[in-house]
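Report on one structure; see the data block that follows.
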Amino acid sequence: MTDPKRYRLNHTMLRVKDPQRSVKYYEMLGMKQINKISMPDSKFDLYFMAYDSPKSAEGHWTNRQGLLELTHNYGTENDDSFKVNNGNSEPGKGFGHICVSVDAIQAACQRIEDAGYKFQKKLTDGRMRSIAFALDPDGYWVEIIGFNSVDKTENVKETDPSTYKFNHSMIRVKDHEASLKFYQDTFGMTLLRTSENASSGFNLYFLGYPPDGKAPQATSDLEGVLELTWNYGTEKDPNFKYHNGNDQPQGFGHICVSVDDIEAACKRFEERGVNWKKRMTDGNMKNLAFVLDPDGYWIEVVQNEQLKAQL
């Protein structure tokens, strides 16, 4: 048996050109490298970054939510022509950004700027003065938001990166109804919040696995949230398609859901008629699978090792 209430949105994977500069950047944002998997025969390494609070550090990393996986293919750091696709321009538009929630947004943004990093959007740019978008070394957008919707930290000069959270990852979807059904019915996620922006022609849907299975009042305090962005009318265009990040040009790779019993979970997915990128029985790696969502984004499925002992 498998229970989707025990699933976790474990991590989001991004390809990076130079792992040293990327790890340094995310450490500046308060993350720690909690794991590294080296695959020299396949010529790539995986770096797992997270906000490593004492509570979250107690368990196995597959039992956690809100990790960032940085994938480095050997040699890209020495290739002047190599550049990742950040997902926000054609021909690779699909993935949008990751988001970090912080204690004091003005102080946090000033800290990032003082460290010499650039912004796609500063707090003072545009009409939305409550969010910013920093740029990581590869040009991925990192949204910065405050813990609370009503910010009372304008005059706060200090920020504590150890309190930050990797709140969400955003992907654009063609048909919101198909995607919401898929993530709720197939993967058992809870719809946490909807933000309708009719005047601008788009809606945002936030989904995840909240601790008690219920949507909290404030989603900014959570980790492991998935944001679906739907631009009105895309579902009516038969030729419209988003880029999944794994076709050329590459950048974003996948999100990953850890499950209580991977064999039972994959059987459940099969019964629901999912499209597979990789079944557990395919290839050499028999301990994971990849499911395709309605837009062709990859969802890695791995065993929650902390729950494995309970099987």
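FYI, nothing fancy with the structure tokens labels: chains A, B, ... in order, residues from 1 per chain, ligands from 1 as they appear.
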
Contacts of Val84 of chain A at 7 Å (only C-alpha atoms; same-chain gap of 5+ positions) as number ranges by chain:
A: 16, 138, 250-251

Contact residues around segment 194-208 of chain A with only C-alpha atoms at 7 Å, ignoring same-chain residues under 5 positions, as a ChimeraX atom specification:
/A:9,189,224-232

Could you take the residues named above and write them with N, CA and C atoms, as a short mmCIF file (atom, residue, chain, number, x, y, z; two decimals), in the first residue's frame?
data_model
loop_
_atom_site.label_atom_id
_atom_site.label_comp_id
_atom_site.auth_asym_id
_atom_site.auth_seq_id
_atom_site.Cartn_x
_atom_site.Cartn_y
_atom_site.Cartn_z
N LEU A 9 7.48 16.67 -1.54
CA LEU A 9 8.11 17.32 -2.69
C LEU A 9 9.55 17.58 -2.28
N MET A 189 -1.25 15.83 -4.13
CA MET A 189 -0.93 17.13 -3.55
C MET A 189 -2.21 17.86 -3.13
N GLY A 224 8.92 23.15 -0.04
CA GLY A 224 8.44 22.11 -0.94
C GLY A 224 7.09 22.41 -1.56
N VAL A 225 6.88 23.63 -2.03
CA VAL A 225 5.63 24.02 -2.67
C VAL A 225 5.86 24.10 -4.19
N LEU A 226 4.84 23.72 -4.96
CA LEU A 226 4.89 23.81 -6.40
C LEU A 226 3.93 24.88 -6.87
N GLU A 227 4.43 25.86 -7.61
CA GLU A 227 3.59 26.92 -8.17
C GLU A 227 3.36 26.66 -9.65
N LEU A 228 2.10 26.56 -10.04
CA LEU A 228 1.73 26.43 -11.44
C LEU A 228 1.24 27.77 -11.95
N THR A 229 1.83 28.26 -13.02
CA THR A 229 1.42 29.52 -13.62
C THR A 229 0.68 29.23 -14.92
N TRP A 230 -0.56 29.70 -15.00
CA TRP A 230 -1.39 29.49 -16.20
C TRP A 230 -1.73 30.83 -16.81
N ASN A 231 -1.31 31.03 -18.04
CA ASN A 231 -1.66 32.21 -18.81
C ASN A 231 -2.92 31.91 -19.62
N TYR A 232 -3.91 32.77 -19.47
CA TYR A 232 -5.22 32.52 -20.06
C TYR A 232 -5.11 32.26 -21.57
#

Skipping near chain neighbours, those fewer than 4 positions away, what residues fall within 9 Å of segment 89-98 of chain A using only C-alpha atoms, listed as a ChimeraX atom specification?
/A:12,85,133,140-144,166-173,229,241-245,247-252,297

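Among A:Gln106, A:Ser53, A:Ser42, A:Ser22, the residue with the shortest atom-to-atom distance to Leu68 of chain A, counting only C-alpha atoms, is A:Ser22.
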
Write out as an mmCIF file with N, CA and C atoms, in the first residue's frame all residues of segment 76-290 of chain A that DSSP puts in strand (DSSP E or B) for this structure's backbone.
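For reference, out.cif as written:
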data_model
loop_
_atom_site.group_PDB
_atom_site.id
_atom_site.type_symbol
_atom_site.label_atom_id
_atom_site.label_comp_id
_atom_site.auth_asym_id
_atom_site.auth_seq_id
_atom_site.Cartn_x
_atom_site.Cartn_y
_atom_site.Cartn_z
ATOM 1 N N ASN A 85 19.807 27.233 -19.890
ATOM 2 C CA ASN A 85 18.537 27.869 -20.219
ATOM 3 C C ASN A 85 17.788 28.133 -18.915
ATOM 4 N N PHE A 95 9.967 26.398 -17.312
ATOM 5 C CA PHE A 95 10.313 26.637 -15.914
ATOM 6 C C PHE A 95 10.459 28.134 -15.688
ATOM 7 N N GLY A 96 10.024 28.609 -14.506
ATOM 8 C CA GLY A 96 10.090 30.030 -14.234
ATOM 9 C C GLY A 96 11.120 30.441 -13.205
ATOM 10 N N HIS A 97 11.007 29.901 -11.992
ATOM 11 C CA HIS A 97 11.914 30.330 -10.933
ATOM 12 C C HIS A 97 11.812 29.407 -9.726
ATOM 13 N N ILE A 98 12.756 29.570 -8.821
ATOM 14 C CA ILE A 98 12.620 29.046 -7.473
ATOM 15 C C ILE A 98 12.379 30.240 -6.567
ATOM 16 N N CYS A 99 11.906 29.981 -5.349
ATOM 17 C CA CYS A 99 11.557 31.082 -4.446
ATOM 18 C C CYS A 99 12.055 30.799 -3.045
ATOM 19 N N VAL A 100 12.670 31.802 -2.456
ATOM 20 C CA VAL A 100 13.142 31.736 -1.076
ATOM 21 C C VAL A 100 12.360 32.753 -0.255
ATOM 22 N N SER A 101 11.784 32.312 0.858
ATOM 23 C CA SER A 101 11.090 33.235 1.759
ATOM 24 C C SER A 101 12.036 33.613 2.898
ATOM 25 N N VAL A 102 11.972 34.886 3.293
ATOM 26 C CA VAL A 102 12.970 35.437 4.214
ATOM 27 C C VAL A 102 12.296 36.189 5.360
ATOM 28 N N PHE A 119 20.142 41.444 -9.931
ATOM 29 C CA PHE A 119 18.704 41.222 -9.792
ATOM 30 C C PHE A 119 18.041 41.286 -11.159
ATOM 31 N N GLN A 120 17.042 40.442 -11.353
ATOM 32 C CA GLN A 120 16.136 40.586 -12.490
ATOM 33 C C GLN A 120 15.125 41.686 -12.196
ATOM 34 N N LYS A 121 14.709 41.749 -10.926
ATOM 35 C CA LYS A 121 13.771 42.774 -10.466
ATOM 36 C C LYS A 121 14.073 43.118 -9.018
ATOM 37 N N ALA A 132 11.006 40.443 -4.998
ATOM 38 C CA ALA A 132 12.165 40.740 -5.839
ATOM 39 C C ALA A 132 12.586 39.445 -6.518
ATOM 40 N N PHE A 133 13.363 39.578 -7.575
ATOM 41 C CA PHE A 133 13.926 38.413 -8.254
ATOM 42 C C PHE A 133 15.437 38.614 -8.386
ATOM 43 N N ALA A 134 16.172 37.825 -7.622
ATOM 44 C CA ALA A 134 17.625 37.826 -7.741
ATOM 45 C C ALA A 134 18.027 36.851 -8.847
ATOM 46 N N LEU A 135 19.246 37.014 -9.355
ATOM 47 C CA LEU A 135 19.770 36.129 -10.387
ATOM 48 C C LEU A 135 20.931 35.318 -9.824
ATOM 49 N N TRP A 141 16.227 32.622 -12.097
ATOM 50 C CA TRP A 141 15.545 33.608 -11.269
ATOM 51 C C TRP A 141 15.261 33.014 -9.886
ATOM 52 N N VAL A 142 15.604 33.766 -8.851
ATOM 53 C CA VAL A 142 15.324 33.369 -7.469
ATOM 54 C C VAL A 142 14.408 34.428 -6.864
ATOM 55 N N GLU A 143 13.139 34.099 -6.737
ATOM 56 C CA GLU A 143 12.194 35.034 -6.145
ATOM 57 C C GLU A 143 12.472 35.166 -4.651
ATOM 58 N N ILE A 144 12.396 36.382 -4.155
ATOM 59 C CA ILE A 144 12.579 36.664 -2.731
ATOM 60 C C ILE A 144 11.277 37.237 -2.199
ATOM 61 N N ILE A 145 10.685 36.571 -1.212
ATOM 62 C CA ILE A 145 9.450 37.043 -0.591
ATOM 63 C C ILE A 145 9.630 37.049 0.924
ATOM 64 N N GLY A 146 8.760 37.801 1.610
ATOM 65 C CA GLY A 146 8.779 37.804 3.058
ATOM 66 C C GLY A 146 7.908 36.692 3.614
ATOM 67 N N LYS A 165 13.650 29.918 4.031
ATOM 68 C CA LYS A 165 13.056 28.656 3.574
ATOM 69 C C LYS A 165 13.038 28.626 2.049
ATOM 70 N N PHE A 166 13.299 27.436 1.498
ATOM 71 C CA PHE A 166 13.131 27.234 0.058
ATOM 72 C C PHE A 166 11.649 26.949 -0.145
ATOM 73 N N ASN A 167 10.921 28.007 -0.473
ATOM 74 C CA ASN A 167 9.469 27.948 -0.439
ATOM 75 C C ASN A 167 8.854 27.210 -1.616
ATOM 76 N N HIS A 168 9.168 27.640 -2.857
ATOM 77 C CA HIS A 168 8.500 26.990 -3.979
ATOM 78 C C HIS A 168 9.322 27.025 -5.256
ATOM 79 N N SER A 169 8.867 26.217 -6.214
ATOM 80 C CA SER A 169 9.397 26.205 -7.572
ATOM 81 C C SER A 169 8.231 26.442 -8.519
ATOM 82 N N MET A 170 8.453 27.298 -9.514
ATOM 83 C CA MET A 170 7.371 27.648 -10.439
ATOM 84 C C MET A 170 7.607 27.059 -11.820
ATOM 85 N N ILE A 171 6.548 26.439 -12.378
ATOM 86 C CA ILE A 171 6.551 26.009 -13.769
ATOM 87 C C ILE A 171 5.284 26.535 -14.439
ATOM 88 N N ARG A 172 5.406 26.867 -15.711
ATOM 89 C CA ARG A 172 4.248 27.313 -16.484
ATOM 90 C C ARG A 172 3.515 26.099 -17.041
ATOM 91 N N VAL A 173 2.189 26.160 -17.050
ATOM 92 C CA VAL A 173 1.399 25.045 -17.556
ATOM 93 C C VAL A 173 0.424 25.532 -18.621
ATOM 94 N N THR A 190 -2.045 18.783 -2.208
ATOM 95 C CA THR A 190 -3.131 19.634 -1.733
ATOM 96 C C THR A 190 -3.027 21.004 -2.399
ATOM 97 N N LEU A 191 -4.152 21.519 -2.888
ATOM 98 C CA LEU A 191 -4.172 22.885 -3.412
ATOM 99 C C LEU A 191 -4.147 23.832 -2.223
ATOM 100 N N LEU A 192 -3.047 24.545 -2.061
ATOM 101 C CA LEU A 192 -2.835 25.383 -0.890
ATOM 102 C C LEU A 192 -3.419 26.785 -1.048
ATOM 103 N N ARG A 193 -3.281 27.318 -2.253
ATOM 104 C CA ARG A 193 -3.717 28.695 -2.475
ATOM 105 C C ARG A 193 -3.851 28.961 -3.956
ATOM 106 N N THR A 194 -4.800 29.805 -4.331
ATOM 107 C CA THR A 194 -4.971 30.252 -5.711
ATOM 108 C C THR A 194 -4.908 31.766 -5.749
ATOM 109 N N SER A 195 -4.161 32.293 -6.702
ATOM 110 C CA SER A 195 -4.069 33.735 -6.897
ATOM 111 C C SER A 195 -4.547 34.047 -8.313
ATOM 112 N N GLU A 196 -5.721 34.676 -8.422
ATOM 113 C CA GLU A 196 -6.285 35.009 -9.725
ATOM 114 C C GLU A 196 -5.906 36.440 -10.102
ATOM 115 N N ASN A 197 -5.397 36.588 -11.312
ATOM 116 C CA ASN A 197 -4.960 37.897 -11.793
ATOM 117 C C ASN A 197 -5.603 38.159 -13.151
ATOM 118 N N PHE A 202 -3.565 35.956 -16.025
ATOM 119 C CA PHE A 202 -2.925 34.727 -15.550
ATOM 120 C C PHE A 202 -3.381 34.402 -14.134
ATOM 121 N N ASN A 203 -3.296 33.120 -13.789
ATOM 122 C CA ASN A 203 -3.571 32.636 -12.434
ATOM 123 C C ASN A 203 -2.364 31.857 -11.924
ATOM 124 N N LEU A 204 -2.221 31.853 -10.603
ATOM 125 C CA LEU A 204 -1.176 31.081 -9.939
ATOM 126 C C LEU A 204 -1.838 30.078 -9.008
ATOM 127 N N TYR A 205 -1.357 28.846 -9.036
ATOM 128 C CA TYR A 205 -1.880 27.792 -8.174
ATOM 129 C C TYR A 205 -0.714 27.202 -7.380
ATOM 130 N N PHE A 206 -0.862 27.169 -6.058
ATOM 131 C CA PHE A 206 0.187 26.667 -5.188
ATOM 132 C C PHE A 206 -0.251 25.331 -4.587
ATOM 133 N N LEU A 207 0.562 24.304 -4.798
ATOM 134 C CA LEU A 207 0.244 22.963 -4.315
ATOM 135 C C LEU A 207 1.411 22.405 -3.511
ATOM 136 N N GLY A 208 1.106 21.431 -2.658
ATOM 137 C CA GLY A 208 2.168 20.806 -1.890
ATOM 138 C C GLY A 208 1.645 19.740 -0.964
ATOM 139 N N VAL A 225 6.881 23.630 -2.032
ATOM 140 C CA VAL A 225 5.634 24.020 -2.673
ATOM 141 C C VAL A 225 5.865 24.096 -4.187
ATOM 142 N N LEU A 226 4.840 23.722 -4.955
ATOM 143 C CA LEU A 226 4.892 23.808 -6.404
ATOM 144 C C LEU A 226 3.927 24.884 -6.866
ATOM 145 N N GLU A 227 4.431 25.862 -7.609
ATOM 146 C CA GLU A 227 3.591 26.923 -8.165
ATOM 147 C C GLU A 227 3.361 26.657 -9.653
ATOM 148 N N LEU A 228 2.099 26.562 -10.038
ATOM 149 C CA LEU A 228 1.728 26.428 -11.440
ATOM 150 C C LEU A 228 1.240 27.773 -11.946
ATOM 151 N N THR A 229 1.830 28.260 -13.021
ATOM 152 C CA THR A 229 1.415 29.519 -13.623
ATOM 153 C C THR A 229 0.678 29.227 -14.918
ATOM 154 N N TRP A 230 -0.564 29.695 -14.996
ATOM 155 C CA TRP A 230 -1.386 29.485 -16.195
ATOM 156 C C TRP A 230 -1.729 30.827 -16.809
ATOM 157 N N ASN A 231 -1.309 31.025 -18.042
ATOM 158 C CA ASN A 231 -1.659 32.207 -18.810
ATOM 159 C C ASN A 231 -2.921 31.912 -19.617
ATOM 160 N N GLY A 251 18.257 23.269 -19.046
ATOM 161 C CA GLY A 251 18.437 24.052 -17.826
ATOM 162 C C GLY A 251 17.795 23.308 -16.657
ATOM 163 N N PHE A 252 16.558 23.699 -16.314
ATOM 164 C CA PHE A 252 15.771 22.967 -15.314
ATOM 165 C C PHE A 252 15.656 21.500 -15.729
ATOM 166 N N GLY A 253 15.764 20.604 -14.731
ATOM 167 C CA GLY A 253 15.672 19.191 -15.046
ATOM 168 C C GLY A 253 14.393 18.525 -14.610
ATOM 169 N N HIS A 254 14.061 18.642 -13.315
ATOM 170 C CA HIS A 254 12.877 17.960 -12.804
ATOM 171 C C HIS A 254 12.551 18.419 -11.397
ATOM 172 N N ILE A 255 11.356 18.074 -10.960
ATOM 173 C CA ILE A 255 11.052 18.075 -9.541
ATOM 174 C C ILE A 255 11.082 16.619 -9.090
ATOM 175 N N CYS A 256 11.206 16.388 -7.806
ATOM 176 C CA CYS A 256 11.296 15.028 -7.284
ATOM 177 C C CYS A 256 10.339 14.849 -6.116
ATOM 178 N N VAL A 257 9.567 13.775 -6.169
ATOM 179 C CA VAL A 257 8.668 13.409 -5.081
ATOM 180 C C VAL A 257 9.191 12.123 -4.449
ATOM 181 N N SER A 258 9.430 12.158 -3.151
ATOM 182 C CA SER A 258 9.803 10.941 -2.439
ATOM 183 C C SER A 258 8.533 10.301 -1.876
ATOM 184 N N VAL A 259 8.472 8.987 -1.935
ATOM 185 C CA VAL A 259 7.254 8.259 -1.597
ATOM 186 C C VAL A 259 7.532 7.217 -0.522
ATOM 187 N N ASN A 275 2.017 8.847 -18.075
ATOM 188 C CA ASN A 275 3.037 8.677 -19.100
ATOM 189 C C ASN A 275 4.393 8.597 -18.412
ATOM 190 N N TRP A 276 5.163 7.586 -18.764
ATOM 191 C CA TRP A 276 6.451 7.354 -18.125
ATOM 192 C C TRP A 276 7.588 7.893 -18.982
ATOM 193 N N LYS A 277 8.546 8.520 -18.330
ATOM 194 C CA LYS A 277 9.835 8.787 -18.966
ATOM 195 C C LYS A 277 10.766 7.608 -18.702
ATOM 196 N N LYS A 278 10.675 7.081 -17.490
ATOM 197 C CA LYS A 278 11.476 5.923 -17.098
ATOM 198 C C LYS A 278 10.762 5.138 -16.016
ATOM 199 N N LEU A 288 14.706 4.198 -8.971
ATOM 200 C CA LEU A 288 13.966 5.441 -9.198
ATOM 201 C C LEU A 288 13.196 5.350 -10.504
ATOM 202 N N ALA A 289 12.249 6.268 -10.640
ATOM 203 C CA ALA A 289 11.434 6.338 -11.855
ATOM 204 C C ALA A 289 11.212 7.795 -12.203
ATOM 205 N N PHE A 290 10.756 8.037 -13.446
ATOM 206 C CA PHE A 290 10.413 9.384 -13.877
ATOM 207 C C PHE A 290 9.053 9.347 -14.564
#

From a backbone DSSP assignment, name each residue in segment 129-287 of chain A labelled alpha helix (DSSP H), as a PDB file with N, CA and C atoms, in the first residue's frame.
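Output contents, as saved in part.pdb:
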ATOM      1  N   HIS A 176      -4.543  24.561 -17.053  1.00  0.00           N
ATOM      2  CA  HIS A 176      -4.546  24.514 -15.589  1.00  0.00           C
ATOM      3  C   HIS A 176      -5.420  23.398 -15.040  1.00  0.00           C
ATOM      4  N   GLU A 177      -6.541  23.125 -15.706  1.00  0.00           N
ATOM      5  CA  GLU A 177      -7.436  22.079 -15.204  1.00  0.00           C
ATOM      6  C   GLU A 177      -6.761  20.716 -15.282  1.00  0.00           C
ATOM      7  N   ALA A 178      -6.087  20.432 -16.389  1.00  0.00           N
ATOM      8  CA  ALA A 178      -5.396  19.150 -16.545  1.00  0.00           C
ATOM      9  C   ALA A 178      -4.264  19.017 -15.538  1.00  0.00           C
ATOM     10  N   SER A 179      -3.525  20.100 -15.333  1.00  0.00           N
ATOM     11  CA  SER A 179      -2.389  20.046 -14.405  1.00  0.00           C
ATOM     12  C   SER A 179      -2.849  19.926 -12.958  1.00  0.00           C
ATOM     13  N   LEU A 180      -3.886  20.678 -12.571  1.00  0.00           N
ATOM     14  CA  LEU A 180      -4.395  20.592 -11.204  1.00  0.00           C
ATOM     15  C   LEU A 180      -4.921  19.193 -10.912  1.00  0.00           C
ATOM     16  N   LYS A 181      -5.629  18.620 -11.859  1.00  0.00           N
ATOM     17  CA  LYS A 181      -6.146  17.256 -11.676  1.00  0.00           C
ATOM     18  C   LYS A 181      -4.994  16.272 -11.522  1.00  0.00           C
ATOM     19  N   ILE A 262       8.037   2.857  -2.970  1.00  0.00           N
ATOM     20  CA  ILE A 262       8.182   3.229  -4.370  1.00  0.00           C
ATOM     21  C   ILE A 262       7.539   2.219  -5.313  1.00  0.00           C
ATOM     22  N   GLU A 263       7.597   0.948  -5.002  1.00  0.00           N
ATOM     23  CA  GLU A 263       6.977  -0.047  -5.886  1.00  0.00           C
ATOM     24  C   GLU A 263       5.453   0.103  -5.880  1.00  0.00           C
ATOM     25  N   ALA A 264       4.883   0.295  -4.699  1.00  0.00           N
ATOM     26  CA  ALA A 264       3.433   0.470  -4.600  1.00  0.00           C
ATOM     27  C   ALA A 264       3.009   1.794  -5.239  1.00  0.00           C
ATOM     28  N   ALA A 265       3.821   2.839  -5.054  1.00  0.00           N
ATOM     29  CA  ALA A 265       3.494   4.135  -5.642  1.00  0.00           C
ATOM     30  C   ALA A 265       3.516   4.066  -7.163  1.00  0.00           C
ATOM     31  N   CYS A 266       4.520   3.409  -7.718  1.00  0.00           N
ATOM     32  CA  CYS A 266       4.606   3.296  -9.178  1.00  0.00           C
ATOM     33  C   CYS A 266       3.458   2.449  -9.726  1.00  0.00           C
ATOM     34  N   LYS A 267       3.049   1.450  -8.978  1.00  0.00           N
ATOM     35  CA  LYS A 267       1.884   0.661  -9.395  1.00  0.00           C
ATOM     36  C   LYS A 267       0.638   1.546  -9.406  1.00  0.00           C
ATOM     37  N   ARG A 268       0.513   2.405  -8.409  1.00  0.00           N
ATOM     38  CA  ARG A 268      -0.612   3.331  -8.341  1.00  0.00           C
ATOM     39  C   ARG A 268      -0.593   4.295  -9.525  1.00  0.00           C
ATOM     40  N   PHE A 269       0.588   4.812  -9.854  1.00  0.00           N
ATOM     41  CA  PHE A 269       0.706   5.711 -11.000  1.00  0.00           C
ATOM     42  C   PHE A 269       0.325   4.988 -12.293  1.00  0.00           C
ATOM     43  N   GLU A 270       0.756   3.749 -12.410  1.00  0.00           N
ATOM     44  CA  GLU A 270       0.440   2.953 -13.596  1.00  0.00           C
ATOM     45  C   GLU A 270      -1.067   2.784 -13.739  1.00  0.00           C
ATOM     46  N   GLU A 271      -1.740   2.516 -12.634  1.00  0.00           N
ATOM     47  CA  GLU A 271      -3.189   2.333 -12.650  1.00  0.00           C
ATOM     48  C   GLU A 271      -3.905   3.615 -13.063  1.00  0.00           C
TER      49      GLU A 271
END

Would you give me, as a Markdown table, each residue of segment 153-254 of chain A having an atom within 7 Å of an atom of segment 27-32 of chain A, along with its shortest atom pair and that distance in Å to one decimal, using only C-alpha atoms and sorting by chain and residue number?
| residue | atom | partner | partner_atom | distance |
| --- | --- | --- | --- | --- |
| A:Pro161 | CA | A:Gly30 | CA | 4.6 |
| A:Ser162 | CA | A:Gly30 | CA | 5.5 |
| A:Tyr164 | CA | A:Gly30 | CA | 6.9 |

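Distances to Pro4 of chain A were evaluated for A:Asp41, A:Asp103, A:Asp125, A:Asp185 using only C-alpha atoms, and the minimum falls at A:Asp185.
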
Record the distance separating atom CA of Ser81 of chain A and atom CA of Met39 of chain A, expressed in Å with one decimal.
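Answer for the atom CA of Ser81 of chain A to atom CA of Met39 of chain A separation: 23.8 Å.
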
Please provide as a PDB file with N, CA, C and O atoms, in the first residue's frame all residues within 8 Å of segment 61-65 of chain A, with the sequence filter that same-chain residues fewer than 2 positions apart are discarded (counting only C-alpha atoms).
ATOM      1  N   ARG A   8       6.482  13.524  -0.250  1.00  0.00           N
ATOM      2  CA  ARG A   8       7.185  14.782  -0.017  1.00  0.00           C
ATOM      3  C   ARG A   8       7.629  15.357  -1.368  1.00  0.00           C
ATOM      4  O   ARG A   8       8.111  14.614  -2.228  1.00  0.00           O
ATOM      5  N   LEU A   9       7.485  16.669  -1.541  1.00  0.00           N
ATOM      6  CA  LEU A   9       8.108  17.319  -2.693  1.00  0.00           C
ATOM      7  C   LEU A   9       9.552  17.579  -2.279  1.00  0.00           C
ATOM      8  O   LEU A   9       9.890  18.595  -1.692  1.00  0.00           O
ATOM      9  N   ASN A  10      10.380  16.599  -2.586  1.00  0.00           N
ATOM     10  CA  ASN A  10      11.714  16.532  -2.013  1.00  0.00           C
ATOM     11  C   ASN A  10      12.678  17.570  -2.584  1.00  0.00           C
ATOM     12  O   ASN A  10      13.348  18.287  -1.840  1.00  0.00           O
ATOM     13  N   HIS A  11      12.787  17.641  -3.914  1.00  0.00           N
ATOM     14  CA  HIS A  11      13.745  18.592  -4.464  1.00  0.00           C
ATOM     15  C   HIS A  11      13.401  19.057  -5.865  1.00  0.00           C
ATOM     16  O   HIS A  11      12.541  18.492  -6.543  1.00  0.00           O
ATOM     17  N   ILE A  34      24.128  19.490   1.853  1.00  0.00           N
ATOM     18  CA  ILE A  34      23.837  18.387   2.775  1.00  0.00           C
ATOM     19  C   ILE A  34      24.175  17.021   2.191  1.00  0.00           C
ATOM     20  O   ILE A  34      24.214  16.033   2.924  1.00  0.00           O
ATOM     21  N   SER A  56      15.172  19.607  10.693  1.00  0.00           N
ATOM     22  CA  SER A  56      15.164  18.962   9.380  1.00  0.00           C
ATOM     23  C   SER A  56      16.369  18.064   9.203  1.00  0.00           C
ATOM     24  O   SER A  56      16.314  17.077   8.458  1.00  0.00           O
ATOM     25  N   ALA A  57      17.469  18.378   9.883  1.00  0.00           N
ATOM     26  CA  ALA A  57      18.696  17.600   9.721  1.00  0.00           C
ATOM     27  C   ALA A  57      18.635  16.261  10.443  1.00  0.00           C
ATOM     28  O   ALA A  57      19.512  15.419  10.265  1.00  0.00           O
ATOM     29  N   GLY A  59      16.518  13.765  10.087  1.00  0.00           N
ATOM     30  CA  GLY A  59      16.112  12.625   9.295  1.00  0.00           C
ATOM     31  C   GLY A  59      16.921  12.463   8.021  1.00  0.00           C
ATOM     32  O   GLY A  59      17.802  13.256   7.699  1.00  0.00           O
ATOM     33  N   LEU A  67      14.522  20.768  -1.033  1.00  0.00           N
ATOM     34  CA  LEU A  67      15.941  20.687  -1.340  1.00  0.00           C
ATOM     35  C   LEU A  67      16.164  21.203  -2.766  1.00  0.00           C
ATOM     36  O   LEU A  67      15.272  21.171  -3.608  1.00  0.00           O
ATOM     37  N   GLU A 223       7.931  24.772   3.024  1.00  0.00           N
ATOM     38  CA  GLU A 223       8.942  24.373   2.055  1.00  0.00           C
ATOM     39  C   GLU A 223       8.334  23.305   1.148  1.00  0.00           C
ATOM     40  O   GLU A 223       7.364  22.646   1.498  1.00  0.00           O
ATOM     41  N   GLY A 224       8.919  23.149  -0.044  1.00  0.00           N
ATOM     42  CA  GLY A 224       8.439  22.110  -0.937  1.00  0.00           C
ATOM     43  C   GLY A 224       7.089  22.405  -1.555  1.00  0.00           C
ATOM     44  O   GLY A 224       6.219  21.537  -1.630  1.00  0.00           O
ATOM     45  N   SER A 258       9.430  12.158  -3.151  1.00  0.00           N
ATOM     46  CA  SER A 258       9.803  10.941  -2.439  1.00  0.00           C
ATOM     47  C   SER A 258       8.533  10.301  -1.876  1.00  0.00           C
ATOM     48  O   SER A 258       7.635  10.997  -1.411  1.00  0.00           O
ATOM     49  N   VAL A 302      11.369   8.780  -5.974  1.00  0.00           N
ATOM     50  CA  VAL A 302      12.376   8.048  -5.213  1.00  0.00           C
ATOM     51  C   VAL A 302      11.766   7.535  -3.920  1.00  0.00           C
ATOM     52  O   VAL A 302      10.739   8.025  -3.455  1.00  0.00           O
ATOM     53  N   GLN A 303      12.443   6.549  -3.350  1.00  0.00           N
ATOM     54  CA  GLN A 303      12.019   5.989  -2.077  1.00  0.00           C
ATOM     55  C   GLN A 303      12.410   6.925  -0.937  1.00  0.00           C
ATOM     56  O   GLN A 303      13.536   7.396  -0.856  1.00  0.00           O
ATOM     57  N   ASN A 304      11.455   7.220  -0.061  1.00  0.00           N
ATOM     58  CA  ASN A 304      11.747   7.911   1.192  1.00  0.00           C
ATOM     59  C   ASN A 304      12.418   6.885   2.107  1.00  0.00           C
ATOM     60  O   ASN A 304      11.756   6.006   2.656  1.00  0.00           O
ATOM     61  N   GLU A 305      13.728   7.002   2.242  1.00  0.00           N
ATOM     62  CA  GLU A 305      14.488   5.983   2.976  1.00  0.00           C
ATOM     63  C   GLU A 305      14.132   5.955   4.457  1.00  0.00           C
ATOM     64  O   GLU A 305      14.257   4.929   5.103  1.00  0.00           O
ATOM     65  N   GLN A 306      13.690   7.078   4.981  1.00  0.00           N
ATOM     66  CA  GLN A 306      13.314   7.113   6.400  1.00  0.00           C
ATOM     67  C   GLN A 306      12.044   6.297   6.649  1.00  0.00           C
ATOM     68  O   GLN A 306      11.877   5.728   7.731  1.00  0.00           O
ATOM     69  N   LEU A 307      11.166   6.254   5.647  1.00  0.00           N
ATOM     70  CA  LEU A 307       9.941   5.482   5.780  1.00  0.00           C
ATOM     71  C   LEU A 307      10.115   4.030   5.348  1.00  0.00           C
ATOM     72  O   LEU A 307       9.258   3.188   5.644  1.00  0.00           O
TER      73      LEU A 307
END

Top pick for closest residue to Leu123 of chain A, considering A:Asp136, A:Asp212, A:Glu154, A:Asp160 and counting only C-alpha atoms:
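So, comparing all the options, the nearest one is A:Glu154.
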
Rounded to one decimal in Å, what is the spacing between atom CA of Lys5 of chain A and atom CA of Tyr183 of chain A?
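Spanning atom CA of Lys5 of chain A to atom CA of Tyr183 of chain A is a straight-line distance of 12.7 Å.
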